[in-house]
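One structure is given here, and the rest of the page talks about it.
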Amino acid sequence: MIYALIGFLIMFSVLVGIGINQPRGISVKTWCYGYLAIALVFDALVVVGLIYQNELLIQLLLGLSAGSATGLAIHVAHHISEENEHEHDGEGKEKKFSMFGF
């Protein structure tokens, strides 16, 4: 159980460190590459954890995924509040939702 908590703290700290909603002291391109690297390393660790059935690694991965999900929730909540502000100002009324962004 402690490894899940450690994993959560590691992932959440990394995401806060690079910036959940906007880059902290780095370019947007570098920020995006950072998120991509985090995702790829996480995926590789999941494969290793599943292949070797390592209990401690699996607990750590559970914590990492919880930290990532919490970071994503904060990011989405930020966008929701931005959209609410735009709608309140009358800017969001012209926008139509599109799954593909156009």
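All residue names refer to the structure tokens as shown: chains lettered A, B, ... in order, residues numbered from 1 in each chain, ligands numbered from 1 in order.
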Give me the residues near region 63-73 of chain A as a ChimeraX atom specification, where near means some atom within 12 Å (using only C-alpha atoms) and where sequence neighbours in that chain fewer than 2 positions away do not count. /A:1-21,35,38-39,41-43,45-46,56-61,75-80
What does the structure give for the distance between CA of Gly34 (chain A) and CA of Gly49 (chain A), in Å to one decimal?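 That distance, rounded to one decimal, is 22.3 Å.
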